Amino acid sequence: MTTAAATNRFGADPNDDYLVFITGLRQLWPVDLTQYRRGQMERRIRSFAGRRGVTHLPDYLQVLKGDEDELHRFLDHVTINVSQLWRHPEQWQVLHKELIPELAAENRIRAWSAGCSYGAEAYTLSAVIRETSPNTRVQITGTDVDRRIIDRAKQGRFTDADAREAPQDQMKKWFDHEGDMWSAKPELRFGMNFELGDLLHTSVPAGSYDLIMCRNVVIYFNEDVRDSLHGRLAAALRPGGYLVIGATERVATPGPIGLTPTHPFIYRKA
Ligand SMILES: C[S@@+](CC[C@H](N)C(=O)[O-])C[C@H]1O[C@@H](n2cnc3c(N)ncnc32)[C@H](O)[C@@H]1O
């Protein structure tokens with residue numbers, strides 16, 4: 001039942017404890033989890049709450065309201081911040097050999113790492129552009145919905161585990177190695193910027209970017225939400241710009257939004 005009479009003050013069916021939970025959660029965190037695939041998200045949330053001995057989700061909401069540390073642990077779990085430097089190396093090869101040389105013809109590359117997590121993708125991109133085309137001006141914006149992860153991205157520090165697939169010569173060239181941490185050198189950071197941003201609502205002026213990487217983010221979204229986002233990302237690209245997506249993702253209807261597939265999981269804007 002989802003009639004008005006059957007909804008509580010949050011507008012959610014009171015018999016559906018998941019909906020009550022994610023609707024109430026918006027008082028603590030502004031992201032609308034109704035836009036995310038329910039099966040996957042619900043399993044994650046229930047197993048996390050279950051490990052704390054809570055099975056009725058509205059009870060867990062009360063726990064989160066009273067315990068900020070628990071709220072942060074919960075949000076870390078929900079946002080799934082997994083990333084690494086040079087993740088999916090085949091795509092970086094395509095960027096290095098084909099896309100960057102083509103885009104660098106303009107002497108400037110404006111790129112967006114959308115759903116950037118702690119910045120591994122954005123710093124990798126900065127290294128790959130500078131290595132491929134040293135004289136190109138680099139502007140890279142990383143955005144994520146998770147405020148704490150954006151603070152981490154600004155630090156530009158990565159573990160040995162983050163660097164496990166990265167080329168060692170590139171790590172040594174662009175990062176300082178101290179203990180088991182790699183810190184981005186100033187010349188790698190130059191032109192990089194990280195901001196809080198919710199891709200469910202984001203709208204950027206048409207043609208703002210030459211390259212957008214939005215990888216391993218939309219897998220969590222409902223299909224219509226994913227398709228709407230891909231439409232907005234395509235609009236944000238200039239003609240001839242590229243969209244790079246994750247290796248388990250797809251753009252459902254590239255043609256109508258002006259995209260043509262050029263390589264696996266890479267599209268060019270007409
Ligand atoms: C698995 S990480 C992907 C990181 C990076 N793109 C990569 O492929 O390595 C997914 C990121 O998407 C972010 N995310 C989830 N929903 C989002 C939203 N609505 N807006 C912006 N970022 C979001 C999460 O916070 C998380 O950091």
# chains A, B, ... in the order shown; residues from 1 in each chain; ligands from 1
>>> residues_near_ligand(ligand="ligand 1", cutoff="8 Å", atoms="only C-alpha atoms and all ligand atoms", output="ChimeraX atom specification")
/A:31-32,79-85,87,113-121,143-146,149,196-201,213-218,220-221,246
>>> write_last_selection(atoms="N, CA and C atoms", output="mmCIF file, in the first residue's frame")
data_model
loop_
_atom_site.group_PDB
_atom_site.id
_atom_site.type_symbol
_atom_site.label_atom_id
_atom_site.label_comp_id
_atom_site.auth_asym_id
_atom_site.auth_seq_id
_atom_site.Cartn_x
_atom_site.Cartn_y
_atom_site.Cartn_z
ATOM 1 N N VAL A 31 21.484 12.765 0.307
ATOM 2 C CA VAL A 31 21.403 11.994 -0.934
ATOM 3 C C VAL A 31 20.141 11.114 -0.960
ATOM 4 N N ASP A 32 19.457 11.116 -2.107
ATOM 5 C CA ASP A 32 18.182 10.408 -2.249
ATOM 6 C C ASP A 32 18.427 8.952 -2.662
ATOM 7 N N THR A 79 28.543 4.410 0.540
ATOM 8 C CA THR A 79 29.022 5.097 -0.664
ATOM 9 C C THR A 79 30.007 4.256 -1.478
ATOM 10 N N ILE A 80 30.513 3.180 -0.934
ATOM 11 C CA ILE A 80 31.369 2.242 -1.688
ATOM 12 C C ILE A 80 32.480 3.006 -2.415
ATOM 13 N N ASN A 81 33.482 3.412 -1.640
ATOM 14 C CA ASN A 81 34.526 4.289 -2.179
ATOM 15 C C ASN A 81 35.699 3.550 -2.833
ATOM 16 N N VAL A 82 35.526 2.273 -3.114
ATOM 17 C CA VAL A 82 36.633 1.476 -3.662
ATOM 18 C C VAL A 82 37.206 2.123 -4.930
ATOM 19 N N SER A 83 38.518 2.259 -4.970
ATOM 20 C CA SER A 83 39.170 2.810 -6.167
ATOM 21 C C SER A 83 40.636 2.392 -6.125
ATOM 22 N N GLN A 84 41.397 2.737 -7.114
ATOM 23 C CA GLN A 84 42.843 2.545 -7.072
ATOM 24 C C GLN A 84 43.472 3.333 -8.204
ATOM 25 N N LEU A 85 44.780 3.565 -8.090
ATOM 26 C CA LEU A 85 45.510 4.275 -9.149
ATOM 27 C C LEU A 85 45.620 3.368 -10.377
ATOM 28 N N ARG A 87 43.421 2.261 -12.240
ATOM 29 C CA ARG A 87 42.399 1.201 -12.244
ATOM 30 C C ARG A 87 41.971 0.939 -13.688
ATOM 31 N N SER A 113 36.393 14.082 -13.283
ATOM 32 C CA SER A 113 36.277 12.751 -12.704
ATOM 33 C C SER A 113 35.007 12.781 -11.851
ATOM 34 N N ALA A 114 33.930 12.229 -12.389
ATOM 35 C CA ALA A 114 32.599 12.332 -11.768
ATOM 36 C C ALA A 114 32.373 11.094 -10.899
ATOM 37 N N GLY A 115 32.266 11.307 -9.584
ATOM 38 C CA GLY A 115 32.240 10.172 -8.653
ATOM 39 C C GLY A 115 33.675 9.733 -8.421
ATOM 40 N N CYS A 116 34.490 10.701 -7.949
ATOM 41 C CA CYS A 116 35.961 10.529 -7.965
ATOM 42 C C CYS A 116 36.488 9.755 -6.772
ATOM 43 N N SER A 117 35.618 9.492 -5.754
ATOM 44 C CA SER A 117 36.085 8.840 -4.521
ATOM 45 C C SER A 117 37.289 9.621 -3.961
ATOM 46 N N TYR A 118 38.322 8.938 -3.512
ATOM 47 C CA TYR A 118 39.435 9.637 -2.857
ATOM 48 C C TYR A 118 40.495 10.122 -3.852
ATOM 49 N N GLY A 119 40.118 10.175 -5.136
ATOM 50 C CA GLY A 119 40.938 10.912 -6.097
ATOM 51 C C GLY A 119 41.887 10.079 -6.943
ATOM 52 N N ALA A 120 41.893 8.748 -6.751
ATOM 53 C CA ALA A 120 42.867 7.925 -7.481
ATOM 54 C C ALA A 120 42.721 8.103 -9.000
ATOM 55 N N GLU A 121 41.480 8.156 -9.469
ATOM 56 C CA GLU A 121 41.243 8.309 -10.911
ATOM 57 C C GLU A 121 41.738 9.678 -11.407
ATOM 58 N N THR A 143 34.614 15.306 -8.481
ATOM 59 C CA THR A 143 33.456 15.551 -7.612
ATOM 60 C C THR A 143 32.969 14.232 -7.020
ATOM 61 N N ASP A 144 32.454 14.321 -5.810
ATOM 62 C CA ASP A 144 31.870 13.147 -5.160
ATOM 63 C C ASP A 144 30.832 13.636 -4.160
ATOM 64 N N VAL A 145 29.913 12.733 -3.847
ATOM 65 C CA VAL A 145 28.818 13.079 -2.948
ATOM 66 C C VAL A 145 29.241 12.975 -1.479
ATOM 67 N N ASP A 146 30.412 12.389 -1.240
ATOM 68 C CA ASP A 146 30.847 12.088 0.112
ATOM 69 C C ASP A 146 31.875 13.142 0.560
ATOM 70 N N ILE A 149 35.300 11.961 1.769
ATOM 71 C CA ILE A 149 36.168 11.387 0.746
ATOM 72 C C ILE A 149 36.784 12.511 -0.113
ATOM 73 N N LEU A 196 32.556 18.889 -3.569
ATOM 74 C CA LEU A 196 31.397 18.079 -3.235
ATOM 75 C C LEU A 196 30.361 18.225 -4.353
ATOM 76 N N GLY A 197 29.756 17.153 -4.790
ATOM 77 C CA GLY A 197 28.740 17.265 -5.842
ATOM 78 C C GLY A 197 27.927 15.990 -5.954
ATOM 79 N N ASP A 198 26.618 16.146 -6.060
ATOM 80 C CA ASP A 198 25.714 15.000 -6.177
ATOM 81 C C ASP A 198 25.334 14.824 -7.644
ATOM 82 N N LEU A 199 25.743 13.708 -8.233
ATOM 83 C CA LEU A 199 25.480 13.490 -9.663
ATOM 84 C C LEU A 199 23.990 13.332 -9.962
ATOM 85 N N LEU A 200 23.182 13.092 -8.937
ATOM 86 C CA LEU A 200 21.746 12.980 -9.187
ATOM 87 C C LEU A 200 21.166 14.332 -9.576
ATOM 88 N N HIS A 201 21.836 15.411 -9.155
ATOM 89 C CA HIS A 201 21.273 16.747 -9.397
ATOM 90 C C HIS A 201 22.171 17.640 -10.233
ATOM 91 N N MET A 213 35.306 11.246 -17.044
ATOM 92 C CA MET A 213 35.419 9.867 -16.594
ATOM 93 C C MET A 213 34.367 9.668 -15.511
ATOM 94 N N CYS A 214 33.434 8.781 -15.772
ATOM 95 C CA CYS A 214 32.413 8.469 -14.764
ATOM 96 C C CYS A 214 32.364 6.945 -14.686
ATOM 97 N N ARG A 215 33.256 6.385 -13.875
ATOM 98 C CA ARG A 215 33.444 4.936 -13.853
ATOM 99 C C ARG A 215 33.031 4.364 -12.498
ATOM 100 N N ASN A 216 32.325 3.268 -12.571
ATOM 101 C CA ASN A 216 31.954 2.513 -11.363
ATOM 102 C C ASN A 216 31.118 3.340 -10.390
ATOM 103 N N VAL A 217 30.268 4.183 -10.947
ATOM 104 C CA VAL A 217 29.356 4.998 -10.136
ATOM 105 C C VAL A 217 27.902 4.626 -10.461
ATOM 106 N N VAL A 218 27.552 4.605 -11.744
ATOM 107 C CA VAL A 218 26.140 4.404 -12.111
ATOM 108 C C VAL A 218 25.671 2.968 -11.877
ATOM 109 N N TYR A 220 25.283 1.675 -9.287
ATOM 110 C CA TYR A 220 24.433 1.684 -8.095
ATOM 111 C C TYR A 220 23.097 2.382 -8.346
ATOM 112 N N PHE A 221 22.943 3.015 -9.516
ATOM 113 C CA PHE A 221 21.740 3.824 -9.776
ATOM 114 C C PHE A 221 20.657 2.999 -10.466
ATOM 115 N N GLY A 246 32.740 2.804 -16.635
ATOM 116 C CA GLY A 246 33.327 1.634 -16.004
ATOM 117 C C GLY A 246 33.133 0.374 -16.838
#
>>> select_by_dssp(residues="region 116-199 of chain A", states="alpha helix (DSSP H)", output="PyMOL selection string")
chain A and resi 120-132+147-155+168-174+186-189
>>> residues_around(residues="Leu188 (chain A)", least_positions_apart="5", cutoff="7 Å", atoms="only C-alpha atoms", output="count of residues only")
3
>>> closest_residue(among="A:Gln91, A:Thr260, A:Thr132, A:Gln155", to="Gly241 (chain A)", atoms="only C-alpha atoms")
A:Thr260
>>> residues_around(residues="Ala166 (chain A)", least_positions_apart="4", cutoff="12 Å", atoms="only C-alpha atoms", output="PyMOL selection string")
chain A and resi 84-90+92-93+120-121+123-125+127-128+158-162+170-175+182
>>> write_last_selection(atoms="C-alpha atoms", output="PDB file, in the first residue's frame")
ATOM      1  CA  GLN A  84      42.843   2.545  -7.072  1.00  0.00           C
ATOM      2  CA  LEU A  85      45.510   4.275  -9.149  1.00  0.00           C
ATOM      3  CA  TRP A  86      45.597   3.207 -12.823  1.00  0.00           C
ATOM      4  CA  ARG A  87      42.399   1.201 -12.244  1.00  0.00           C
ATOM      5  CA  HIS A  88      41.524  -0.737 -15.397  1.00  0.00           C
ATOM      6  CA  PRO A  89      44.961  -0.270 -17.049  1.00  0.00           C
ATOM      7  CA  GLU A  90      43.675  -1.057 -20.574  1.00  0.00           C
ATOM      8  CA  TRP A  92      44.643   4.187 -19.457  1.00  0.00           C
ATOM      9  CA  GLN A  93      46.545   2.740 -22.421  1.00  0.00           C
ATOM     10  CA  ALA A 120      42.867   7.925  -7.481  1.00  0.00           C
ATOM     11  CA  GLU A 121      41.243   8.309 -10.911  1.00  0.00           C
ATOM     12  CA  TYR A 123      45.501  11.861 -10.034  1.00  0.00           C
ATOM     13  CA  THR A 124      46.064   9.022 -12.506  1.00  0.00           C
ATOM     14  CA  LEU A 125      44.523  11.164 -15.224  1.00  0.00           C
ATOM     15  CA  ALA A 127      49.826  11.851 -14.568  1.00  0.00           C
ATOM     16  CA  VAL A 128      48.724  10.318 -17.873  1.00  0.00           C
ATOM     17  CA  PHE A 158      47.708   6.872  -1.566  1.00  0.00           C
ATOM     18  CA  THR A 159      48.767   3.539  -0.083  1.00  0.00           C
ATOM     19  CA  ASP A 160      50.961   0.870  -1.649  1.00  0.00           C
ATOM     20  CA  ALA A 161      47.726  -1.102  -2.178  1.00  0.00           C
ATOM     21  CA  ASP A 162      46.267   1.800  -4.188  1.00  0.00           C
ATOM     22  CA  GLN A 170      55.168   6.689 -13.189  1.00  0.00           C
ATOM     23  CA  MET A 171      54.623   6.389  -9.431  1.00  0.00           C
ATOM     24  CA  LYS A 172      58.227   7.426  -8.799  1.00  0.00           C
ATOM     25  CA  LYS A 173      58.005  10.283 -11.268  1.00  0.00           C
ATOM     26  CA  TRP A 174      54.754  11.828  -9.991  1.00  0.00           C
ATOM     27  CA  PHE A 175      54.577  10.822  -6.311  1.00  0.00           C
ATOM     28  CA  TRP A 182      52.589   7.896  -1.942  1.00  0.00           C
TER      29      TRP A 182
END
>>> closest_residue(among="A:Leu57, A:Gly39, A:Ser203, A:Ile129", to="Val94 (chain A)", atoms="only C-alpha atoms")
A:Ile129
>>> closest_residue(among="A:Leu229, A:Leu25, A:Ala234, A:Ile45", to="Pro254 (chain A)", atoms="only C-alpha atoms")
A:Ala234
>>> residues_around(residues="Leu33 (chain A)", least_positions_apart="2", cutoff="8 Å", atoms="only C-alpha atoms", output="list in words")
Ile22, Thr23, Val31, Gln35 and Tyr36 of chain A
>>> closest_residue(among="A:Arg108, A:Arg43, A:Gly231, A:Ala236", to="Ile257 (chain A)", atoms="only C-alpha atoms")
A:Gly231
>>> residues_around(residues="Glu223 (chain A)", least_positions_apart="4", cutoff="9 Å", atoms="only C-alpha atoms", output="PDB file with C-alpha atoms, in the first residue's frame")
ATOM      1  CA  TYR A  36      19.696   3.782  -6.281  1.00  0.00           C
ATOM      2  CA  ARG A  37      19.020   0.128  -7.168  1.00  0.00           C
ATOM      3  CA  VAL A 218      26.140   4.404 -12.111  1.00  0.00           C
ATOM      4  CA  ILE A 219      26.181   0.668 -11.311  1.00  0.00           C
ATOM      5  CA  ASP A 227      20.304   7.116 -18.402  1.00  0.00           C
ATOM      6  CA  SER A 228      19.398  10.632 -17.339  1.00  0.00           C
ATOM      7  CA  ALA A 252      21.937   2.388 -22.910  1.00  0.00           C
TER       8      ALA A 252
END
>>> decode(residues="region 137-186 of chain A", atoms="N, CA and C atoms", output="PDB file, in the first residue's frame")
ATOM      1  N   ARG A 137      47.852  22.290 -21.068  1.00  0.00           N
ATOM      2  CA  ARG A 137      47.356  22.825 -19.785  1.00  0.00           C
ATOM      3  C   ARG A 137      46.302  21.867 -19.235  1.00  0.00           C
ATOM      4  N   VAL A 138      46.445  21.517 -17.972  1.00  0.00           N
ATOM      5  CA  VAL A 138      45.562  20.505 -17.371  1.00  0.00           C
ATOM      6  C   VAL A 138      44.604  21.158 -16.383  1.00  0.00           C
ATOM      7  N   GLN A 139      43.312  20.907 -16.575  1.00  0.00           N
ATOM      8  CA  GLN A 139      42.313  21.323 -15.591  1.00  0.00           C
ATOM      9  C   GLN A 139      41.472  20.090 -15.267  1.00  0.00           C
ATOM     10  N   ILE A 140      41.592  19.598 -14.059  1.00  0.00           N
ATOM     11  CA  ILE A 140      40.832  18.393 -13.692  1.00  0.00           C
ATOM     12  C   ILE A 140      39.980  18.698 -12.460  1.00  0.00           C
ATOM     13  N   THR A 141      38.698  18.453 -12.589  1.00  0.00           N
ATOM     14  CA  THR A 141      37.789  18.600 -11.458  1.00  0.00           C
ATOM     15  C   THR A 141      37.335  17.215 -11.019  1.00  0.00           C
ATOM     16  N   GLY A 142      37.444  16.931  -9.742  1.00  0.00           N
ATOM     17  CA  GLY A 142      36.905  15.687  -9.200  1.00  0.00           C
ATOM     18  C   GLY A 142      35.724  16.028  -8.312  1.00  0.00           C
ATOM     19  N   THR A 143      34.614  15.306  -8.481  1.00  0.00           N
ATOM     20  CA  THR A 143      33.456  15.551  -7.612  1.00  0.00           C
ATOM     21  C   THR A 143      32.969  14.232  -7.020  1.00  0.00           C
ATOM     22  N   ASP A 144      32.454  14.321  -5.810  1.00  0.00           N
ATOM     23  CA  ASP A 144      31.870  13.147  -5.160  1.00  0.00           C
ATOM     24  C   ASP A 144      30.832  13.636  -4.160  1.00  0.00           C
ATOM     25  N   VAL A 145      29.913  12.733  -3.847  1.00  0.00           N
ATOM     26  CA  VAL A 145      28.818  13.079  -2.948  1.00  0.00           C
ATOM     27  C   VAL A 145      29.241  12.975  -1.479  1.00  0.00           C
ATOM     28  N   ASP A 146      30.412  12.389  -1.240  1.00  0.00           N
ATOM     29  CA  ASP A 146      30.847  12.088   0.112  1.00  0.00           C
ATOM     30  C   ASP A 146      31.875  13.142   0.560  1.00  0.00           C
ATOM     31  N   ARG A 147      31.462  13.991   1.509  1.00  0.00           N
ATOM     32  CA  ARG A 147      32.314  15.124   1.909  1.00  0.00           C
ATOM     33  C   ARG A 147      33.669  14.662   2.449  1.00  0.00           C
ATOM     34  N   ARG A 148      33.646  13.589   3.248  1.00  0.00           N
ATOM     35  CA  ARG A 148      34.909  13.155   3.856  1.00  0.00           C
ATOM     36  C   ARG A 148      35.879  12.595   2.809  1.00  0.00           C
ATOM     37  N   ILE A 149      35.300  11.961   1.769  1.00  0.00           N
ATOM     38  CA  ILE A 149      36.168  11.387   0.746  1.00  0.00           C
ATOM     39  C   ILE A 149      36.784  12.511  -0.113  1.00  0.00           C
ATOM     40  N   ILE A 150      36.039  13.598  -0.271  1.00  0.00           N
ATOM     41  CA  ILE A 150      36.579  14.751  -1.010  1.00  0.00           C
ATOM     42  C   ILE A 150      37.744  15.371  -0.229  1.00  0.00           C
ATOM     43  N   ASP A 151      37.605  15.432   1.098  1.00  0.00           N
ATOM     44  CA  ASP A 151      38.714  15.953   1.908  1.00  0.00           C
ATOM     45  C   ASP A 151      39.947  15.071   1.722  1.00  0.00           C
ATOM     46  N   ARG A 152      39.716  13.759   1.631  1.00  0.00           N
ATOM     47  CA  ARG A 152      40.843  12.838   1.414  1.00  0.00           C
ATOM     48  C   ARG A 152      41.448  13.038   0.029  1.00  0.00           C
ATOM     49  N   ALA A 153      40.587  13.223  -0.969  1.00  0.00           N
ATOM     50  CA  ALA A 153      41.086  13.410  -2.341  1.00  0.00           C
ATOM     51  C   ALA A 153      41.995  14.636  -2.421  1.00  0.00           C
ATOM     52  N   LYS A 154      41.626  15.686  -1.677  1.00  0.00           N
ATOM     53  CA  LYS A 154      42.438  16.917  -1.718  1.00  0.00           C
ATOM     54  C   LYS A 154      43.850  16.656  -1.202  1.00  0.00           C
ATOM     55  N   GLN A 155      43.985  15.664  -0.301  1.00  0.00           N
ATOM     56  CA  GLN A 155      45.313  15.384   0.261  1.00  0.00           C
ATOM     57  C   GLN A 155      46.243  14.724  -0.764  1.00  0.00           C
ATOM     58  N   GLY A 156      45.675  13.970  -1.708  1.00  0.00           N
ATOM     59  CA  GLY A 156      46.495  13.338  -2.750  1.00  0.00           C
ATOM     60  C   GLY A 156      47.465  12.320  -2.205  1.00  0.00           C
ATOM     61  N   ARG A 157      47.022  11.555  -1.208  1.00  0.00           N
ATOM     62  CA  ARG A 157      47.897  10.537  -0.612  1.00  0.00           C
ATOM     63  C   ARG A 157      47.305   9.148  -0.823  1.00  0.00           C
ATOM     64  N   PHE A 158      48.172   8.214  -1.200  1.00  0.00           N
ATOM     65  CA  PHE A 158      47.708   6.872  -1.566  1.00  0.00           C
ATOM     66  C   PHE A 158      48.597   5.810  -0.933  1.00  0.00           C
ATOM     67  N   THR A 159      48.005   4.637  -0.695  1.00  0.00           N
ATOM     68  CA  THR A 159      48.767   3.539  -0.083  1.00  0.00           C
ATOM     69  C   THR A 159      49.455   2.709  -1.167  1.00  0.00           C
ATOM     70  N   ASP A 160      50.352   1.815  -0.705  1.00  0.00           N
ATOM     71  CA  ASP A 160      50.961   0.870  -1.649  1.00  0.00           C
ATOM     72  C   ASP A 160      49.871   0.040  -2.332  1.00  0.00           C
ATOM     73  N   ALA A 161      48.814  -0.306  -1.583  1.00  0.00           N
ATOM     74  CA  ALA A 161      47.726  -1.102  -2.178  1.00  0.00           C
ATOM     75  C   ALA A 161      47.036  -0.323  -3.299  1.00  0.00           C
ATOM     76  N   ASP A 162      46.874   0.982  -3.118  1.00  0.00           N
ATOM     77  CA  ASP A 162      46.267   1.800  -4.188  1.00  0.00           C
ATOM     78  C   ASP A 162      47.123   1.771  -5.451  1.00  0.00           C
ATOM     79  N   ALA A 163      48.431   1.595  -5.253  1.00  0.00           N
ATOM     80  CA  ALA A 163      49.375   1.685  -6.381  1.00  0.00           C
ATOM     81  C   ALA A 163      49.707   0.316  -6.971  1.00  0.00           C
ATOM     82  N   ARG A 164      48.976  -0.735  -6.573  1.00  0.00           N
ATOM     83  CA  ARG A 164      49.415  -2.091  -6.951  1.00  0.00           C
ATOM     84  C   ARG A 164      49.386  -2.357  -8.454  1.00  0.00           C
ATOM     85  N   GLU A 165      48.527  -1.637  -9.200  1.00  0.00           N
ATOM     86  CA  GLU A 165      48.510  -1.855 -10.658  1.00  0.00           C
ATOM     87  C   GLU A 165      49.169  -0.707 -11.409  1.00  0.00           C
ATOM     88  N   ALA A 166      49.713   0.239 -10.669  1.00  0.00           N
ATOM     89  CA  ALA A 166      50.280   1.426 -11.320  1.00  0.00           C
ATOM     90  C   ALA A 166      51.690   1.145 -11.821  1.00  0.00           C
ATOM     91  N   PRO A 167      52.087   1.733 -12.957  1.00  0.00           N
ATOM     92  CA  PRO A 167      53.464   1.582 -13.422  1.00  0.00           C
ATOM     93  C   PRO A 167      54.428   2.226 -12.423  1.00  0.00           C
ATOM     94  N   GLN A 168      55.420   1.470 -11.974  1.00  0.00           N
ATOM     95  CA  GLN A 168      56.329   1.957 -10.931  1.00  0.00           C
ATOM     96  C   GLN A 168      57.091   3.208 -11.375  1.00  0.00           C
ATOM     97  N   ASP A 169      57.499   3.252 -12.657  1.00  0.00           N
ATOM     98  CA  ASP A 169      58.245   4.441 -13.105  1.00  0.00           C
ATOM     99  C   ASP A 169      57.368   5.693 -12.996  1.00  0.00           C
ATOM    100  N   GLN A 170      56.073   5.541 -13.275  1.00  0.00           N
ATOM    101  CA  GLN A 170      55.168   6.689 -13.189  1.00  0.00           C
ATOM    102  C   GLN A 170      54.922   7.083 -11.736  1.00  0.00           C
ATOM    103  N   MET A 171      54.803   6.082 -10.858  1.00  0.00           N
ATOM    104  CA  MET A 171      54.623   6.389  -9.431  1.00  0.00           C
ATOM    105  C   MET A 171      55.820   7.196  -8.929  1.00  0.00           C
ATOM    106  N   LYS A 172      57.020   6.741  -9.302  1.00  0.00           N
ATOM    107  CA  LYS A 172      58.227   7.426  -8.799  1.00  0.00           C
ATOM    108  C   LYS A 172      58.349   8.831  -9.385  1.00  0.00           C
ATOM    109  N   LYS A 173      57.879   8.968 -10.615  1.00  0.00           N
ATOM    110  CA  LYS A 173      58.005  10.283 -11.268  1.00  0.00           C
ATOM    111  C   LYS A 173      57.020  11.307 -10.669  1.00  0.00           C
ATOM    112  N   TRP A 174      55.805  10.875 -10.343  1.00  0.00           N
ATOM    113  CA  TRP A 174      54.754  11.828  -9.991  1.00  0.00           C
ATOM    114  C   TRP A 174      54.376  11.856  -8.509  1.00  0.00           C
ATOM    115  N   PHE A 175      54.919  10.903  -7.740  1.00  0.00           N
ATOM    116  CA  PHE A 175      54.577  10.822  -6.311  1.00  0.00           C
ATOM    117  C   PHE A 175      55.858  10.712  -5.477  1.00  0.00           C
ATOM    118  N   ASP A 176      55.813  11.268  -4.250  1.00  0.00           N
ATOM    119  CA  ASP A 176      56.873  11.027  -3.268  1.00  0.00           C
ATOM    120  C   ASP A 176      56.476   9.819  -2.435  1.00  0.00           C
ATOM    121  N   HIS A 177      57.408   8.906  -2.232  1.00  0.00           N
ATOM    122  CA  HIS A 177      57.124   7.692  -1.457  1.00  0.00           C
ATOM    123  C   HIS A 177      57.698   7.863  -0.060  1.00  0.00           C
ATOM    124  N   GLU A 178      56.809   7.880   0.935  1.00  0.00           N
ATOM    125  CA  GLU A 178      57.268   7.996   2.331  1.00  0.00           C
ATOM    126  C   GLU A 178      56.628   6.859   3.095  1.00  0.00           C
ATOM    127  N   GLY A 179      57.441   5.944   3.631  1.00  0.00           N
ATOM    128  CA  GLY A 179      56.884   4.763   4.307  1.00  0.00           C
ATOM    129  C   GLY A 179      56.081   3.958   3.305  1.00  0.00           C
ATOM    130  N   ASP A 180      54.810   3.684   3.651  1.00  0.00           N
ATOM    131  CA  ASP A 180      53.973   2.956   2.680  1.00  0.00           C
ATOM    132  C   ASP A 180      52.964   3.887   2.018  1.00  0.00           C
ATOM    133  N   MET A 181      53.256   5.202   2.035  1.00  0.00           N
ATOM    134  CA  MET A 181      52.332   6.162   1.415  1.00  0.00           C
ATOM    135  C   MET A 181      52.981   6.861   0.223  1.00  0.00           C
ATOM    136  N   TRP A 182      52.160   7.142  -0.761  1.00  0.00           N
ATOM    137  CA  TRP A 182      52.589   7.896  -1.942  1.00  0.00           C
ATOM    138  C   TRP A 182      51.870   9.246  -1.932  1.00  0.00           C
ATOM    139  N   SER A 183      52.624  10.345  -1.993  1.00  0.00           N
ATOM    140  CA  SER A 183      52.018  11.688  -1.977  1.00  0.00           C
ATOM    141  C   SER A 183      52.226  12.348  -3.335  1.00  0.00           C
ATOM    142  N   ALA A 184      51.134  12.873  -3.881  1.00  0.00           N
ATOM    143  CA  ALA A 184      51.238  13.530  -5.193  1.00  0.00           C
ATOM    144  C   ALA A 184      52.183  14.721  -5.123  1.00  0.00           C
ATOM    145  N   LYS A 185      53.084  14.818  -6.101  1.00  0.00           N
ATOM    146  CA  LYS A 185      54.015  15.951  -6.151  1.00  0.00           C
ATOM    147  C   LYS A 185      53.255  17.210  -6.596  1.00  0.00           C
ATOM    148  N   PRO A 186      53.788  18.392  -6.235  1.00  0.00           N
ATOM    149  CA  PRO A 186      53.087  19.636  -6.599  1.00  0.00           C
ATOM    150  C   PRO A 186      52.811  19.732  -8.098  1.00  0.00           C
TER     151      PRO A 186
END
